[in-house]
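Here's the structure, in structure tokens; my notes come after.
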Amino acid sequence: MRASVLKIKTWIVCASAVVSVYGLRAEAASLAPSSMAVRVGTSSGNVSTLAAENDGRILNLYTNRRGNLTVDFSFSVSSSVVPVQLKSRFLQKSAANTFTFQVLNKSGAYVNIGTTTGSANVFKSLAFAVPRESVVNGKVTIRLISSQVSDDCRMVSLSLLDQAPAPQPTPQPTPTPGPVVTPTPAPTPVATPTPAPSATPQPPAGAVSFPPGISWYWQLSGTLNTNRDAKVYNVDLFDTSAATIASLKQ
């Protein structure tokens, strides 16, 4: 249980490292080596020592009498895995020593991916980019070598970061268009007809008519008063004398 929890913490650190270096969006996973083979030199400990960084175990690697060392680490990977980075916590006993990490390519040759430098007897974090075409027969093989006269070295962890293909985005459903509302056209205003002016009523044929606004006088009984200021007098032709009519016309 302790190793599982620590491995999850390592996975989280590795995920952020791959995203920052390579700009990938999918989640990165950390793989521990499945096997180890010491070609030149000797070792104390086994490959399981490298699975968790903080469990207190250390893998010691010793050079031969000539100061040379060659160790191969194999990582089993699936067909969907894309290796991107190698990480390690590494200590070298002398600052003058140089240890080189290599990866086996599909042509069967080992190519350099990084070299250790720095202070002696201090554990330091190493991170080297791994070519993505490094999977050979379902494995990635990492080699640690020292071809010069070197002192021993130590490792507390070794992991390979792999990047699965980015997941395809889930297609979004096409929204169903809502009903189209057709605006009701405004009614066309109808012009109110202007009423035609009323015709001025005309008197019947043969009737007597006077111009509008003229003053007139009509007396129904008694002696006719001829002193009215009227332009027209309406008199009875039978009862009114010819002399009175003549005086009115003057």
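In the structure tokens, the first chain shown is A, the next is B, and so on; residue numbers restart at 1 for each chain, and ligands run from 1 in the order shown.
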
Env of stretch 72-74 of chain A: 9 Å cut, atoms = only C-alpha atoms, seq-sep filter 5 positions within chain, self excluded. Answer as a PDB file with N, CA, C and O atoms, in the first residue's frame.
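The result, written out as part.pdb:
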ATOM      1  N   ALA A  32       7.711   2.219 -14.353  1.00  0.00           N
ATOM      2  CA  ALA A  32       8.961   1.767 -13.746  1.00  0.00           C
ATOM      3  C   ALA A  32       9.562   0.671 -14.619  1.00  0.00           C
ATOM      4  O   ALA A  32       8.848  -0.022 -15.353  1.00  0.00           O
ATOM      5  N   PRO A  33      10.891   0.482 -14.585  1.00  0.00           N
ATOM      6  CA  PRO A  33      11.497  -0.585 -15.393  1.00  0.00           C
ATOM      7  C   PRO A  33      11.025  -1.958 -14.931  1.00  0.00           C
ATOM      8  O   PRO A  33      10.855  -2.210 -13.732  1.00  0.00           O
ATOM      9  N   SER A  34      10.832  -2.840 -15.899  1.00  0.00           N
ATOM     10  CA  SER A  34      10.375  -4.207 -15.582  1.00  0.00           C
ATOM     11  C   SER A  34      11.534  -5.177 -15.382  1.00  0.00           C
ATOM     12  O   SER A  34      11.364  -6.231 -14.765  1.00  0.00           O
ATOM     13  N   SER A  35      12.716  -4.820 -15.909  1.00  0.00           N
ATOM     14  CA  SER A  35      13.874  -5.702 -15.723  1.00  0.00           C
ATOM     15  C   SER A  35      15.163  -4.888 -15.814  1.00  0.00           C
ATOM     16  O   SER A  35      15.174  -3.765 -16.337  1.00  0.00           O
ATOM     17  N   MET A  36      16.257  -5.464 -15.292  1.00  0.00           N
ATOM     18  CA  MET A  36      17.559  -4.806 -15.308  1.00  0.00           C
ATOM     19  C   MET A  36      18.626  -5.847 -15.609  1.00  0.00           C
ATOM     20  O   MET A  36      18.573  -6.982 -15.101  1.00  0.00           O
ATOM     21  N   ALA A  37      19.596  -5.470 -16.421  1.00  0.00           N
ATOM     22  CA  ALA A  37      20.702  -6.384 -16.744  1.00  0.00           C
ATOM     23  C   ALA A  37      22.018  -5.613 -16.636  1.00  0.00           C
ATOM     24  O   ALA A  37      22.216  -4.617 -17.341  1.00  0.00           O
ATOM     25  N   VAL A  38      22.912  -6.049 -15.733  1.00  0.00           N
ATOM     26  CA  VAL A  38      24.221  -5.421 -15.560  1.00  0.00           C
ATOM     27  C   VAL A  38      25.183  -6.088 -16.529  1.00  0.00           C
ATOM     28  O   VAL A  38      25.543  -7.264 -16.351  1.00  0.00           O
ATOM     29  N   ARG A  39      25.608  -5.361 -17.550  1.00  0.00           N
ATOM     30  CA  ARG A  39      26.505  -5.912 -18.569  1.00  0.00           C
ATOM     31  C   ARG A  39      27.967  -5.798 -18.130  1.00  0.00           C
ATOM     32  O   ARG A  39      28.763  -6.712 -18.338  1.00  0.00           O
ATOM     33  N   VAL A  47      15.729  -4.380  -9.544  1.00  0.00           N
ATOM     34  CA  VAL A  47      15.015  -3.355 -10.307  1.00  0.00           C
ATOM     35  C   VAL A  47      13.812  -2.802  -9.555  1.00  0.00           C
ATOM     36  O   VAL A  47      13.392  -1.660  -9.790  1.00  0.00           O
ATOM     37  N   LYS A 139       8.976  -2.898 -26.077  1.00  0.00           N
ATOM     38  CA  LYS A 139       9.840  -2.494 -24.974  1.00  0.00           C
ATOM     39  C   LYS A 139      10.596  -1.215 -25.328  1.00  0.00           C
ATOM     40  O   LYS A 139      10.843  -0.928 -26.491  1.00  0.00           O
ATOM     41  N   VAL A 140      10.965  -0.486 -24.273  1.00  0.00           N
ATOM     42  CA  VAL A 140      11.897   0.633 -24.387  1.00  0.00           C
ATOM     43  C   VAL A 140      13.099   0.271 -23.523  1.00  0.00           C
ATOM     44  O   VAL A 140      12.956  -0.022 -22.325  1.00  0.00           O
ATOM     45  N   THR A 141      14.278   0.257 -24.127  1.00  0.00           N
ATOM     46  CA  THR A 141      15.500  -0.140 -23.413  1.00  0.00           C
ATOM     47  C   THR A 141      16.385   1.082 -23.188  1.00  0.00           C
ATOM     48  O   THR A 141      16.767   1.775 -24.136  1.00  0.00           O
ATOM     49  N   ILE A 142      16.677   1.343 -21.918  1.00  0.00           N
ATOM     50  CA  ILE A 142      17.535   2.451 -21.520  1.00  0.00           C
ATOM     51  C   ILE A 142      18.862   1.863 -21.027  1.00  0.00           C
ATOM     52  O   ILE A 142      18.878   0.913 -20.220  1.00  0.00           O
ATOM     53  N   ARG A 143      19.963   2.434 -21.477  1.00  0.00           N
ATOM     54  CA  ARG A 143      21.301   1.962 -21.068  1.00  0.00           C
ATOM     55  C   ARG A 143      22.025   3.082 -20.328  1.00  0.00           C
ATOM     56  O   ARG A 143      22.044   4.230 -20.780  1.00  0.00           O
ATOM     57  N   LEU A 144      22.645   2.711 -19.186  1.00  0.00           N
ATOM     58  CA  LEU A 144      23.497   3.627 -18.425  1.00  0.00           C
ATOM     59  C   LEU A 144      24.934   3.140 -18.571  1.00  0.00           C
ATOM     60  O   LEU A 144      25.231   1.972 -18.252  1.00  0.00           O
ATOM     61  N   ILE A 145      25.818   4.028 -19.034  1.00  0.00           N
ATOM     62  CA  ILE A 145      27.193   3.622 -19.256  1.00  0.00           C
ATOM     63  C   ILE A 145      28.156   4.642 -18.659  1.00  0.00           C
ATOM     64  O   ILE A 145      27.819   5.815 -18.456  1.00  0.00           O
TER      65      ILE A 145
END

How close does stretch 55-149 of chain A get to stretch 154-164 of chain A? List, as JSON lines, each residue of stretch 55-149 of chain A within 10 Å, its nearest atom pair and the distance in Å to one decimal, counting only C-alpha atoms.
{"residue": "A:Asp55", "atom": "CA", "partner": "A:Val156", "partner_atom": "CA", "distance": 8.7}
{"residue": "A:Gly56", "atom": "CA", "partner": "A:Val156", "partner_atom": "CA", "distance": 7.9}
{"residue": "A:Arg57", "atom": "CA", "partner": "A:Val156", "partner_atom": "CA", "distance": 6.5}
{"residue": "A:Ile58", "atom": "CA", "partner": "A:Val156", "partner_atom": "CA", "distance": 4.7}
{"residue": "A:Leu59", "atom": "CA", "partner": "A:Met155", "partner_atom": "CA", "distance": 5.2}
{"residue": "A:Asn60", "atom": "CA", "partner": "A:Arg154", "partner_atom": "CA", "distance": 4.6}
{"residue": "A:Leu61", "atom": "CA", "partner": "A:Arg154", "partner_atom": "CA", "distance": 5.9}
{"residue": "A:Tyr62", "atom": "CA", "partner": "A:Arg154", "partner_atom": "CA", "distance": 8.7}
{"residue": "A:Phe73", "atom": "CA", "partner": "A:Leu158", "partner_atom": "CA", "distance": 9.1}
{"residue": "A:Phe75", "atom": "CA", "partner": "A:Leu160", "partner_atom": "CA", "distance": 7.6}
{"residue": "A:Val77", "atom": "CA", "partner": "A:Asp162", "partner_atom": "CA", "distance": 8.8}
{"residue": "A:Ser78", "atom": "CA", "partner": "A:Ala164", "partner_atom": "CA", "distance": 9.9}
{"residue": "A:Ser79", "atom": "CA", "partner": "A:Ala164", "partner_atom": "CA", "distance": 9.7}
{"residue": "A:Ser80", "atom": "CA", "partner": "A:Ala164", "partner_atom": "CA", "distance": 6.1}
{"residue": "A:Val81", "atom": "CA", "partner": "A:Ala164", "partner_atom": "CA", "distance": 5.2}
{"residue": "A:Val82", "atom": "CA", "partner": "A:Gln163", "partner_atom": "CA", "distance": 5.0}
{"residue": "A:Pro83", "atom": "CA", "partner": "A:Asp162", "partner_atom": "CA", "distance": 4.1}
{"residue": "A:Val84", "atom": "CA", "partner": "A:Asp162", "partner_atom": "CA", "distance": 5.6}
{"residue": "A:Gln85", "atom": "CA", "partner": "A:Leu161", "partner_atom": "CA", "distance": 5.1}
{"residue": "A:Leu86", "atom": "CA", "partner": "A:Leu160", "partner_atom": "CA", "distance": 4.7}
{"residue": "A:Lys87", "atom": "CA", "partner": "A:Ser159", "partner_atom": "CA", "distance": 5.3}
{"residue": "A:Ser88", "atom": "CA", "partner": "A:Leu158", "partner_atom": "CA", "distance": 4.4}
{"residue": "A:Arg89", "atom": "CA", "partner": "A:Ser157", "partner_atom": "CA", "distance": 5.3}
{"residue": "A:Phe90", "atom": "CA", "partner": "A:Met155", "partner_atom": "CA", "distance": 4.7}
{"residue": "A:Leu91", "atom": "CA", "partner": "A:Arg154", "partner_atom": "CA", "distance": 5.0}
{"residue": "A:Gln92", "atom": "CA", "partner": "A:Arg154", "partner_atom": "CA", "distance": 6.5}
{"residue": "A:Lys93", "atom": "CA", "partner": "A:Arg154", "partner_atom": "CA", "distance": 8.4}
{"residue": "A:Asn121", "atom": "CA", "partner": "A:Arg154", "partner_atom": "CA", "distance": 9.2}
{"residue": "A:Val122", "atom": "CA", "partner": "A:Arg154", "partner_atom": "CA", "distance": 9.9}
{"residue": "A:Phe123", "atom": "CA", "partner": "A:Met155", "partner_atom": "CA", "distance": 8.2}
{"residue": "A:Lys124", "atom": "CA", "partner": "A:Met155", "partner_atom": "CA", "distance": 9.7}
{"residue": "A:Ser125", "atom": "CA", "partner": "A:Ser157", "partner_atom": "CA", "distance": 9.5}
{"residue": "A:Leu126", "atom": "CA", "partner": "A:Leu158", "partner_atom": "CA", "distance": 9.3}
{"residue": "A:Ala127", "atom": "CA", "partner": "A:Ser159", "partner_atom": "CA", "distance": 9.7}
{"residue": "A:Phe128", "atom": "CA", "partner": "A:Leu160", "partner_atom": "CA", "distance": 9.8}
{"residue": "A:Ala129", "atom": "CA", "partner": "A:Leu161", "partner_atom": "CA", "distance": 9.5}
{"residue": "A:Val130", "atom": "CA", "partner": "A:Leu160", "partner_atom": "CA", "distance": 8.7}
{"residue": "A:Arg132", "atom": "CA", "partner": "A:Asp162", "partner_atom": "CA", "distance": 9.0}
{"residue": "A:Val140", "atom": "CA", "partner": "A:Leu160", "partner_atom": "CA", "distance": 8.8}
{"residue": "A:Ile142", "atom": "CA", "partner": "A:Leu160", "partner_atom": "CA", "distance": 9.5}

Would you save the residues from that selection as an mmCIF file, in the first residue's frame, using C-alpha atoms?
data_model
loop_
_atom_site.group_PDB
_atom_site.id
_atom_site.type_symbol
_atom_site.label_atom_id
_atom_site.label_comp_id
_atom_site.auth_asym_id
_atom_site.auth_seq_id
_atom_site.Cartn_x
_atom_site.Cartn_y
_atom_site.Cartn_z
ATOM 1 C CA ASP A 55 10.613 4.246 0.058
ATOM 2 C CA GLY A 56 14.184 4.505 1.431
ATOM 3 C CA ARG A 57 15.721 1.894 -0.900
ATOM 4 C CA ILE A 58 18.772 2.649 -3.040
ATOM 5 C CA LEU A 59 20.219 0.812 -6.033
ATOM 6 C CA ASN A 60 24.042 0.837 -5.892
ATOM 7 C CA LEU A 61 25.934 0.393 -9.164
ATOM 8 C CA TYR A 62 29.641 -0.412 -9.077
ATOM 9 C CA PHE A 73 16.881 -1.174 -18.018
ATOM 10 C CA PHE A 75 10.354 -0.900 -19.810
ATOM 11 C CA VAL A 77 4.944 -0.744 -22.934
ATOM 12 C CA SER A 78 1.707 -1.258 -24.857
ATOM 13 C CA SER A 79 1.143 -0.333 -28.480
ATOM 14 C CA SER A 80 -0.741 2.830 -27.490
ATOM 15 C CA VAL A 81 2.121 4.211 -25.373
ATOM 16 C CA VAL A 82 4.277 7.062 -26.696
ATOM 17 C CA PRO A 83 7.453 7.488 -24.573
ATOM 18 C CA VAL A 84 8.455 11.098 -24.081
ATOM 19 C CA GLN A 85 10.807 11.483 -21.088
ATOM 20 C CA LEU A 86 13.156 9.606 -18.759
ATOM 21 C CA LYS A 87 13.428 10.719 -15.127
ATOM 22 C CA SER A 88 15.755 9.615 -12.337
ATOM 23 C CA ARG A 89 17.079 10.512 -8.883
ATOM 24 C CA PHE A 90 20.805 9.941 -9.322
ATOM 25 C CA LEU A 91 24.010 10.332 -7.285
ATOM 26 C CA GLN A 92 27.598 10.121 -8.524
ATOM 27 C CA LYS A 93 30.486 9.879 -6.089
ATOM 28 C CA ASN A 121 27.539 12.767 -3.335
ATOM 29 C CA VAL A 122 24.337 14.749 -3.868
ATOM 30 C CA PHE A 123 21.155 13.215 -5.229
ATOM 31 C CA LYS A 124 19.860 15.263 -8.150
ATOM 32 C CA SER A 125 16.830 15.001 -10.398
ATOM 33 C CA LEU A 126 17.535 14.092 -13.999
ATOM 34 C CA ALA A 127 15.128 14.459 -16.901
ATOM 35 C CA PHE A 128 15.970 13.581 -20.509
ATOM 36 C CA ALA A 129 13.738 13.629 -23.573
ATOM 37 C CA VAL A 130 13.166 10.221 -25.160
ATOM 38 C CA ARG A 132 8.943 8.791 -29.494
ATOM 39 C CA VAL A 140 11.897 0.633 -24.387
ATOM 40 C CA ILE A 142 17.535 2.451 -21.520
#

Margin query: Counting only C-alpha atoms, which residue out of A:Leu50, A:Pro169, A:Gly138, A:Leu224 sits closest to A:Thr244?
Written below: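 Using only C-alpha atoms, A:Thr244 sits closest to A:Leu224.
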
- [ ] Report the residues of stretch 63-242 of chain A whose backbone DSSP state falls under strand (DSSP E), written as a ChimeraX atom specification.
- [x] /A:69-76,83-92,100-104,110-115,124-129,139-146,153-163,216-218,232-234

- Item | All residues 7 Å or closer to A:Leu104, only C-alpha atoms, same chain fewer than 3 positions away omitted, as a PyMOL selection string | chain A and resi 108-111+134+141-142

Using all heavy atoms, can you export the residues from the last selection as a CSV table (one decimal), in the first residue's frame?
chain,number,residue,atom,x,y,z
A,108,GLY,N,18.6,-0.8,-33.9
A,108,GLY,CA,19.5,-1.7,-33.1
A,108,GLY,C,20.7,-0.9,-32.5
A,108,GLY,O,21.6,-1.6,-31.9
A,109,ALA,N,20.7,0.4,-32.6
A,109,ALA,CA,21.8,1.2,-32.1
A,109,ALA,C,21.4,1.9,-30.9
A,109,ALA,O,20.2,2.4,-30.8
A,109,ALA,CB,22.3,2.1,-33.2
A,110,TYR,N,22.3,2.2,-30.0
A,110,TYR,CA,22.1,3.0,-28.8
A,110,TYR,C,22.5,4.4,-29.1
A,110,TYR,O,23.6,4.7,-29.5
A,110,TYR,CB,22.8,2.4,-27.6
A,110,TYR,CG,22.2,1.2,-26.9
A,110,TYR,CD1,22.6,-0.1,-27.4
A,110,TYR,CD2,21.3,1.3,-26.0
A,110,TYR,CE1,22.1,-1.2,-26.8
A,110,TYR,CE2,20.7,0.2,-25.4
A,110,TYR,CZ,21.1,-1.1,-25.8
A,110,TYR,OH,20.6,-2.2,-25.3
A,111,VAL,N,21.6,5.4,-28.8
A,111,VAL,CA,21.8,6.8,-29.0
A,111,VAL,C,21.8,7.5,-27.7
A,111,VAL,O,21.0,7.2,-26.8
A,111,VAL,CB,20.8,7.4,-30.0
A,111,VAL,CG1,21.0,6.8,-31.4
A,111,VAL,CG2,19.4,7.2,-29.5
A,134,SER,N,11.0,5.0,-29.9
A,134,SER,CA,11.9,4.2,-29.2
A,134,SER,C,11.3,2.8,-28.7
A,134,SER,O,12.0,2.1,-28.0
A,134,SER,CB,12.4,4.9,-27.9
A,134,SER,OG,13.1,6.1,-28.3
A,141,THR,N,14.3,0.3,-24.1
A,141,THR,CA,15.5,-0.1,-23.4
A,141,THR,C,16.4,1.1,-23.2
A,141,THR,O,16.8,1.8,-24.1
A,141,THR,CB,16.3,-1.2,-24.2
A,141,THR,OG1,15.4,-2.3,-24.4
A,141,THR,CG2,17.5,-1.6,-23.4
A,142,ILE,N,16.7,1.3,-21.9
A,142,ILE,CA,17.5,2.5,-21.5
A,142,ILE,C,18.9,1.9,-21.0
A,142,ILE,O,18.9,0.9,-20.2
A,142,ILE,CB,16.9,3.3,-20.4
A,142,ILE,CG1,15.6,3.9,-20.9
A,142,ILE,CG2,17.8,4.4,-19.9
A,142,ILE,CD1,15.7,4.9,-22.0
